[in-house]
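Participant: Structure in structure tokens, see below.
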Amino acid sequence: MSPASLPPLEDDNLLSEILLRLPPLPSSLPRARAVCRRWRSLASDPRFSARFHAHHRRNPPLLGCFLEGLRSIPLQPLVVEGRFQPALEAPNRVPESRFTFPIDTRHHLHILGCRHGLLLIFHRLRDQFLIWDPVTGDQHRLDIPPGFDLEKYPFSGAVLRAAGDGVHHFQFQVVFVGRCDRQHAREIVASVYSSKTGAWGNVVSTPIPADDPGASILYPNLMPAVMVGNSLYWLLEGNSIQGNRIEIVEFDLDSWSLALIPKAGGKSAGARAYTDNWVIPAQGGGLGFLLLSRFSAQLWKRKTNCDGIASWVLGTGQNHCTG
């Protein structure tokens, strides 16, 4: 029988295209390999695995999340502990023991974020970052950039795979963002570490507005960074004589530059605490801002007009809860 007249499941090329479109779940390929020798041979081919990963790279499944929290042990002080929390049901559920932290998580641990399959952890005792790939087990310890005072102000960071890096390599970038006071100037500062060069880049900065020189202490909060396009965003929070202040800091990964963006809703909106304010990717692309206030929620989107001026636009639908 000629290749053109073979049934679809007997044609290796057509079968590989069918298998390629299986959902990217942990059980998909193992189940396909269990059908027969021929399916096992196709689904186990490294070239097919590479195609499968590339095909589904934009929509990988959420296997779970990494959590940190306090755990009580009888007759002992509270300890900070990190763990993996599975998100899927059987047969795709990844057991919690599959991703065991590579360090003792009971002491001085802070999870800064997870992106592109990499986890960024800060070890307070050592003043070190740990970059960890839970799937491959690869890890790298990294000292903080010189000249940063971690005792005075909180800081944050983000990890991402280097441009063009595949899942089988351990090339990454770490973006560190914090606050620095130099003489009479207050600045938000950032630096980028590249595993390709093995060094931190130059420190970049943007000034904090001096409209409240007596009490304003803006600094990055503890929420993970949000990535929109090729920029990273964090919330800045701090107390001032006018009340709590909230702003947004943007780090552009193309130009390696920082900028401050006023939050949506004006200075007085959502000034209770940063947990009521969230930077999020907007529907349809772009930067969004979620403002929660008592029993209402406002969803804003950052838009640029024809003159190149960016501003916040309030969504048409707002949710109000009563009870």
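Order determines the names: the first chain of the structure tokens is A, the second B, and so forth; residues in each chain are numbered 1 upward, and ligands are numbered 1 upward as they are shown.
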Identify, on the basis of only C-alpha atoms, every residue whose closest approach to Pro61 of chain A does not exceed 10 Å; exclude the query and any residue fewer than 4 positions from it along the same chain; express the result as a list in words.
Facilitator: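 Near neighbours after the sequence-gap exclusion: Pro23, Pro24, Leu25, Pro26, His56, Arg57, Ala87 and Leu88 of chain A.
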Participant: Would you output that residue set with N, CA, C and O atoms, as a PDB file, in the first residue's frame?
Facilitator:
```pdb
ATOM      1  N   PRO A  23      -3.152  17.712  24.365  1.00  0.00           N
ATOM      2  CA  PRO A  23      -3.021  18.795  25.352  1.00  0.00           C
ATOM      3  C   PRO A  23      -1.697  18.683  26.108  1.00  0.00           C
ATOM      4  O   PRO A  23      -1.227  17.570  26.389  1.00  0.00           O
ATOM      5  N   PRO A  24      -1.080  19.808  26.442  1.00  0.00           N
ATOM      6  CA  PRO A  24       0.243  19.784  27.095  1.00  0.00           C
ATOM      7  C   PRO A  24       0.135  19.470  28.593  1.00  0.00           C
ATOM      8  O   PRO A  24       0.564  20.257  29.449  1.00  0.00           O
ATOM      9  N   LEU A  25      -0.427  18.306  28.917  1.00  0.00           N
ATOM     10  CA  LEU A  25      -0.594  17.889  30.300  1.00  0.00           C
ATOM     11  C   LEU A  25       0.405  16.787  30.636  1.00  0.00           C
ATOM     12  O   LEU A  25       0.847  16.051  29.749  1.00  0.00           O
ATOM     13  N   PRO A  26       0.763  16.646  31.897  1.00  0.00           N
ATOM     14  CA  PRO A  26       1.777  15.640  32.265  1.00  0.00           C
ATOM     15  C   PRO A  26       1.450  14.220  31.825  1.00  0.00           C
ATOM     16  O   PRO A  26       2.356  13.423  31.566  1.00  0.00           O
ATOM     17  N   HIS A  56       3.660  24.002  22.234  1.00  0.00           N
ATOM     18  CA  HIS A  56       2.835  24.375  23.389  1.00  0.00           C
ATOM     19  C   HIS A  56       3.500  25.406  24.294  1.00  0.00           C
ATOM     20  O   HIS A  56       3.010  25.641  25.399  1.00  0.00           O
ATOM     21  N   ARG A  57       4.569  26.024  23.836  1.00  0.00           N
ATOM     22  CA  ARG A  57       5.323  26.904  24.718  1.00  0.00           C
ATOM     23  C   ARG A  57       4.516  28.120  25.158  1.00  0.00           C
ATOM     24  O   ARG A  57       4.709  28.660  26.236  1.00  0.00           O
ATOM     25  N   ALA A  87      -1.820  21.977  41.485  1.00  0.00           N
ATOM     26  CA  ALA A  87      -3.035  22.650  41.029  1.00  0.00           C
ATOM     27  C   ALA A  87      -3.936  21.744  40.195  1.00  0.00           C
ATOM     28  O   ALA A  87      -5.103  22.059  39.993  1.00  0.00           O
ATOM     29  N   LEU A  88      -3.407  20.621  39.690  1.00  0.00           N
ATOM     30  CA  LEU A  88      -4.177  19.760  38.798  1.00  0.00           C
ATOM     31  C   LEU A  88      -4.712  18.544  39.546  1.00  0.00           C
ATOM     32  O   LEU A  88      -4.188  18.162  40.591  1.00  0.00           O
TER      33      LEU A  88
END
```
Participant: For Leu15 of chain A, find every residue with an atom within 12 Å (counting only C-alpha atoms), except residues of its own chain fewer than 2 positions away, and show them as number ranges by chain.
Facilitator: A: 6-13, 17-22, 32, 38-43, 48
Participant: Store the residues of this selection in a file with C-alpha atoms, as an mmCIF file, in the first residue's frame.
Facilitator:
```cif
data_model
loop_
_atom_site.group_PDB
_atom_site.id
_atom_site.type_symbol
_atom_site.label_atom_id
_atom_site.label_comp_id
_atom_site.auth_asym_id
_atom_site.auth_seq_id
_atom_site.Cartn_x
_atom_site.Cartn_y
_atom_site.Cartn_z
ATOM 1 C CA LEU A 6 -2.363 4.547 4.236
ATOM 2 C CA PRO A 7 -4.978 5.064 6.961
ATOM 3 C CA PRO A 8 -4.173 8.234 8.975
ATOM 4 C CA LEU A 9 -2.999 6.344 12.081
ATOM 5 C CA GLU A 10 -0.687 4.175 9.964
ATOM 6 C CA ASP A 11 1.115 7.169 8.439
ATOM 7 C CA ASP A 12 3.974 8.227 10.765
ATOM 8 C CA ASN A 13 3.925 11.824 9.539
ATOM 9 C CA GLU A 17 0.967 15.708 13.748
ATOM 10 C CA ILE A 18 -1.969 14.238 15.695
ATOM 11 C CA LEU A 19 0.185 13.524 18.748
ATOM 12 C CA LEU A 20 1.647 17.010 18.512
ATOM 13 C CA ARG A 21 -1.817 18.416 19.204
ATOM 14 C CA LEU A 22 -2.418 16.471 22.394
ATOM 15 C CA ALA A 32 0.354 7.914 24.095
ATOM 16 C CA ARG A 38 5.032 2.385 17.263
ATOM 17 C CA TRP A 39 3.366 5.181 19.239
ATOM 18 C CA ARG A 40 6.003 4.818 21.945
ATOM 19 C CA SER A 41 8.759 5.174 19.378
ATOM 20 C CA LEU A 42 7.229 8.358 17.896
ATOM 21 C CA ALA A 43 6.336 9.989 21.231
ATOM 22 C CA PHE A 48 9.247 15.057 18.521
#
```
Participant: Residues at most 10 Å from segment 303-310 of chain A, counting only C-alpha atoms, excluding those fewer than 3 positions away in the same chain, as a PyMOL selection string?
Facilitator: chain A and resi 261+286-288+300+313
Participant: Find the spatial neighbours of Pro207 of chain A, counting only C-alpha atoms, within a cut-off of 10 Å - ignore same-chain residues fewer than 5 positions away - and output them as a ChimeraX atom specification.
Facilitator: /A:179-181,185-189,258-260
Participant: Since we have the selection now, will you write its residues out, keeping N, CA and C atoms, as a short mmCIF file (atom, residue, chain, number, x, y, z; two decimals), in the first residue's frame?
Facilitator:
```
data_model
loop_
_atom_site.label_atom_id
_atom_site.label_comp_id
_atom_site.auth_asym_id
_atom_site.auth_seq_id
_atom_site.Cartn_x
_atom_site.Cartn_y
_atom_site.Cartn_z
N ARG A 179 15.49 50.60 46.64
CA ARG A 179 15.52 52.05 46.85
C ARG A 179 16.89 52.45 47.38
N CYS A 180 17.33 53.63 46.98
CA CYS A 180 18.61 54.14 47.42
C CYS A 180 18.49 55.63 47.71
N ASP A 181 19.00 56.05 48.87
CA ASP A 181 19.02 57.47 49.24
C ASP A 181 20.45 57.97 49.13
N ALA A 185 18.89 63.13 47.47
CA ALA A 185 18.09 62.52 46.40
C ALA A 185 17.58 61.15 46.83
N ARG A 186 16.33 60.88 46.49
CA ARG A 186 15.74 59.57 46.72
C ARG A 186 15.47 58.94 45.37
N GLU A 187 15.91 57.69 45.19
CA GLU A 187 15.81 57.06 43.88
C GLU A 187 15.33 55.61 44.02
N ILE A 188 14.62 55.16 43.00
CA ILE A 188 14.38 53.74 42.80
C ILE A 188 15.48 53.25 41.85
N VAL A 189 16.16 52.19 42.23
CA VAL A 189 17.32 51.73 41.47
C VAL A 189 17.11 50.27 41.05
N LEU A 258 14.32 52.64 33.93
CA LEU A 258 13.27 52.67 34.93
C LEU A 258 12.38 53.88 34.71
N ALA A 259 11.12 53.75 35.09
CA ALA A 259 10.20 54.89 35.05
C ALA A 259 9.13 54.68 36.11
N LEU A 260 8.64 55.78 36.67
CA LEU A 260 7.53 55.72 37.62
C LEU A 260 6.24 56.09 36.91
#
```
Participant: Go through A:Pro30, A:Gly137, A:Gly229, A:Pro224 one by one, measure the shortest atom-to-atom distance of each to Val279 of chain A using only C-alpha atoms, and give the residue with the smallest value.
Facilitator: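 Among the listed residues, A:Pro224 lies closest to Val279 of chain A.
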Participant: What is the atom CA of Asp133 of chain A to atom CA of His116 of chain A distance in Å?
Facilitator: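 Result for atom CA of Asp133 of chain A versus atom CA of His116 of chain A: 9.3 Å, one decimal.
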